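This report concerns only the one structure given below.
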Amino acid sequence: MSLNESQLIESAQGGDAEAFSQLARRFERRIYTLALHYTRNAADAEDLSQEVWLKAFRAINSFRGNAAFYTWLRQIMVNTFLNHKRAETVRMEEVRSAAFENDSTNVDDGLSFMLNETPYQVEEDYERRILVEKVMQALGHLSSQQRLIFLLKHREGMTYEEIAKAFDCSTGTIKKALFRAVQKLREQMGVAPAPLELAQCGAGQK
Amino acid sequence: MHDCSLVENKMVDLIFGELSEDESLRLKNEIDRCSDCLSEYRSMNGAMRVFDEAWDASLPDQRFWPRHHEALRQHLADNAPRVSVDRVPFWKQLLTFKLPVPVPVAALIVIALLTLTALALRNRTIAPNLTIAARPSYETMTPPTVKEVPVYLEKVITRTVYVEKKAQEKNASRSKSSDQQRIAQPLTASKEKEGDIFMRAKLTDFQPPDQMRIRVIKRSKDDAN
């Protein structure tokens with residue numbers, strides 16, 4: 001922890017909202033991007049990331065400095081994401097799943113509602129847009145927990161133990177969830193096993 | 001012996017960097033020797049690569065972040081006011097005051113309160129009768145009657161009463177008139193033997209009032225002589 005960061009934390013613990021917003025500037029992109037891929041919706045991601053920061057500000061006095069600030073913040077983020085899912089996302093997911101199923105032949109139309117809400121100009125690059133749509137659609141086929149576990153592992157680099165602790169479950173459960181998440185993503189993104197020129201393995205056929 | 005399902009399970013660990021360097025190398029060698037496993041591994045790696053490309057492509061434009069930060073700053077300023085305990089009105093503090101009491105203690109207090117309430121209500125229903133009986137008005141109360149009963153010897157009277165009670169119990173089934181004769185006879189006989197110089201008070205059919213003051217005058221045989 002740099003001195004500047006500890007000073008900002010100290011000021012925030014004294015109730016300085018401006019100091020806390022300066023602290024938030026360091027991690028806000030990371031939190032927002034995770035929220036965006038978790039909710040797959042820009043407006044929801046904005047609300048969710050703001051909720052994370054607000055909860056963190058309210059709980060800043062409980063931060064003792066035993067761990068890194070981001071580690072502490074990430075636990076708040078995980079809890080907020082999971083609670084957000086329980087409260088609001090269920091309905092949205094049902095609506096989106098129906099949309100995906102109805103318009104699965106036309107990816108562009110099927111995800112247009114989401115892309116229209118994003119703040120960046122995806123129209124400039126059609127291929128890029130298709131790729132993002134495809135991945136977001138694939139993420140939508142994961143359960144909320146699978147999605148969050150996958151994001152925490154793949155993008156945040158958390159260990160099985162850290163994720164298991166955050167979710168209050170065993171590492172075996174996390175590993176299974178990750179395996180299923182990868183399988184589903186691969187299936188939904190249409191990444192087929194690469195053709196090989198090697199001889200077929202006779203042992204241990206599935 | 002190579003087992004594809006076991007390798008597939010470990011593949012997730014390999015992809016997400018959960019294996020040590022030695023374990024990774026050993027698993028990669030095993031994967032390389034099996035075309036199915038290698039195809040699976042490449043497929044999973046390919047999916048991760050596509051995901052990462054999409055992740056980078058999905059990042060908002062640089063112009064987005066200042067707006068995002070400003071919105072966050074505003075949100076924090078608007079929704080995270082510091083609530084001081086001193087500013088809470090006293091009556092609100094009283095209403096929201098919480099006293100942590102263990103459940104068993106709270107249950108005992110409730111039971112005790114209910115019992116006391118029940119007892120108080122019960123006493124209230126029977127209290128008027130008791131009050132009238134126990135506390136008569138002094139104005140309406142009749143003055144006590146004073147009856148002087150000369151007693152010759154305390155012993156003799158005590159015994160006489162005892163005999164009378166005993167005789168009543170024994171002859172409960174007999175008639176009232178025969179009872180009086182039989183009871184009076186030993187009394188008279190015993191008195192006459194000792195020389196009764198006083199007039200005995202006849203207490204038969206005597207109906208005392210609610211209150212009666214009895215003055216007992218003790219006298220000895222010497223006084224009689």
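By convention in this document, the chains of the structure tokens carry letters A, B, ... by their order, each chain's residues are numbered from 1, and ligands are numbered from 1 in the order they are shown.
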Residue hits in chain B, query chain A, radius 8 Å, only C-alpha atoms, as a PyMOL selection string: chain B and resi 1-5+9+12+16+18+33-36+39-40+42-44+46-48+50-51+54-55+57-61+64-65+68-69+72-73+75-77+79-80+82
With only C-alpha atoms as the counted atoms, please give the residues lying no more than 10 Å from range 66-79 of chain A, apart from itself and same-chain residues fewer than 6 positions off, as a short mmCIF file (atom, residue, chain, number, x, y, z; two decimals) with N, CA and C atoms, in the first residue's frame.
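part_25.cif, freshly written:
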data_model
loop_
_atom_site.label_atom_id
_atom_site.label_comp_id
_atom_site.auth_asym_id
_atom_site.auth_seq_id
_atom_site.Cartn_x
_atom_site.Cartn_y
_atom_site.Cartn_z
N MET A 1 0.84 -1.19 0.00
CA MET A 1 0.00 0.00 0.00
C MET A 1 0.88 1.25 0.00
N GLU A 5 -2.08 6.15 -0.80
CA GLU A 5 -3.30 5.35 -0.66
C GLU A 5 -3.72 5.26 0.81
N SER A 6 -2.73 5.04 1.68
CA SER A 6 -3.07 4.94 3.11
C SER A 6 -3.59 6.28 3.64
N ILE A 9 -7.15 6.55 2.51
CA ILE A 9 -8.00 5.66 3.32
C ILE A 9 -8.27 6.31 4.68
N LEU A 23 -9.76 7.62 -4.05
CA LEU A 23 -9.36 6.23 -3.86
C LEU A 23 -10.07 5.32 -4.87
N ARG A 26 -8.79 4.75 -8.55
CA ARG A 26 -7.74 3.75 -8.84
C ARG A 26 -8.30 2.40 -9.27
N PHE A 27 -9.50 2.09 -8.79
CA PHE A 27 -10.04 0.74 -9.05
C PHE A 27 -11.38 0.75 -9.78
N ILE A 31 -13.62 -2.50 -11.35
CA ILE A 31 -14.91 -2.89 -10.77
C ILE A 31 -16.01 -2.78 -11.84
N LEU A 34 -15.79 -5.59 -14.51
CA LEU A 34 -16.31 -6.85 -13.97
C LEU A 34 -17.84 -6.81 -13.89
N ALA A 35 -18.34 -5.68 -13.42
CA ALA A 35 -19.80 -5.53 -13.30
C ALA A 35 -20.46 -5.60 -14.68
N LEU A 48 -24.52 -1.14 -10.32
CA LEU A 48 -23.88 -2.13 -9.46
C LEU A 48 -22.52 -1.65 -8.96
N SER A 49 -21.75 -1.06 -9.84
CA SER A 49 -20.43 -0.59 -9.41
C SER A 49 -20.58 0.57 -8.41
N GLU A 51 -23.02 0.89 -6.36
CA GLU A 51 -23.46 0.26 -5.12
C GLU A 51 -22.27 -0.32 -4.35
N VAL A 52 -21.36 -0.91 -5.09
CA VAL A 52 -20.15 -1.48 -4.46
C VAL A 52 -19.38 -0.37 -3.75
N TRP A 53 -19.19 0.74 -4.44
CA TRP A 53 -18.40 1.83 -3.86
C TRP A 53 -19.10 2.47 -2.67
N LYS A 55 -21.20 0.96 -0.63
CA LYS A 55 -21.08 0.02 0.50
C LYS A 55 -19.68 0.08 1.09
N ALA A 56 -18.71 0.17 0.21
CA ALA A 56 -17.33 0.24 0.69
C ALA A 56 -17.10 1.51 1.51
N PHE A 57 -17.67 2.62 1.05
CA PHE A 57 -17.50 3.88 1.78
C PHE A 57 -18.15 3.80 3.16
N ALA A 59 -18.53 1.18 4.85
CA ALA A 59 -17.84 0.20 5.70
C ALA A 59 -16.35 0.50 5.82
N ILE A 60 -15.94 1.67 5.37
CA ILE A 60 -14.49 1.95 5.31
C ILE A 60 -13.83 1.90 6.68
N LYS A 85 -27.74 -9.96 -7.75
CA LYS A 85 -28.31 -11.03 -8.57
C LYS A 85 -29.61 -11.54 -7.95
N LEU A 148 -19.79 -15.39 -12.10
CA LEU A 148 -18.94 -14.64 -11.17
C LEU A 148 -17.68 -15.42 -10.82
N ILE A 149 -17.84 -16.72 -10.61
CA ILE A 149 -16.67 -17.56 -10.30
C ILE A 149 -15.68 -17.52 -11.46
N LEU A 152 -13.99 -14.07 -11.59
CA LEU A 152 -13.03 -13.88 -10.49
C LEU A 152 -11.76 -14.70 -10.72
N GLU A 156 -9.69 -11.87 -12.44
CA GLU A 156 -9.13 -11.33 -11.20
C GLU A 156 -7.95 -12.16 -10.69
N MET A 158 -7.99 -14.82 -8.86
CA MET A 158 -8.13 -15.33 -7.49
C MET A 158 -7.88 -16.83 -7.49
N GLU A 162 -9.40 -18.69 -2.37
CA GLU A 162 -9.95 -17.34 -2.16
C GLU A 162 -11.41 -17.27 -2.61
N ILE A 163 -11.68 -17.87 -3.76
CA ILE A 163 -13.05 -17.85 -4.28
C ILE A 163 -13.96 -18.68 -3.36
N LYS A 165 -13.61 -19.21 -0.26
CA LYS A 165 -13.85 -18.44 0.96
C LYS A 165 -14.91 -17.36 0.73
N ALA A 166 -14.78 -16.70 -0.41
CA ALA A 166 -15.73 -15.63 -0.73
C ALA A 166 -17.15 -16.17 -0.91
N PHE A 167 -17.25 -17.37 -1.45
CA PHE A 167 -18.57 -17.98 -1.69
C PHE A 167 -19.00 -18.89 -0.55
#
Alpha helix (DSSP H) residues, from DSSP on the backbone, in range 23-69 of chain A, as a PyMOL selection string: chain A and resi 23-39+42-58+69
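Atom pair CA of Met11 in chain B / CA of Glu53 in chain B has a distance of 21.1 Å (rounded to one decimal).
A straight line drawn from CA of Gln13 in chain A to CA of Gly65 in chain A is 11.8 Å long.
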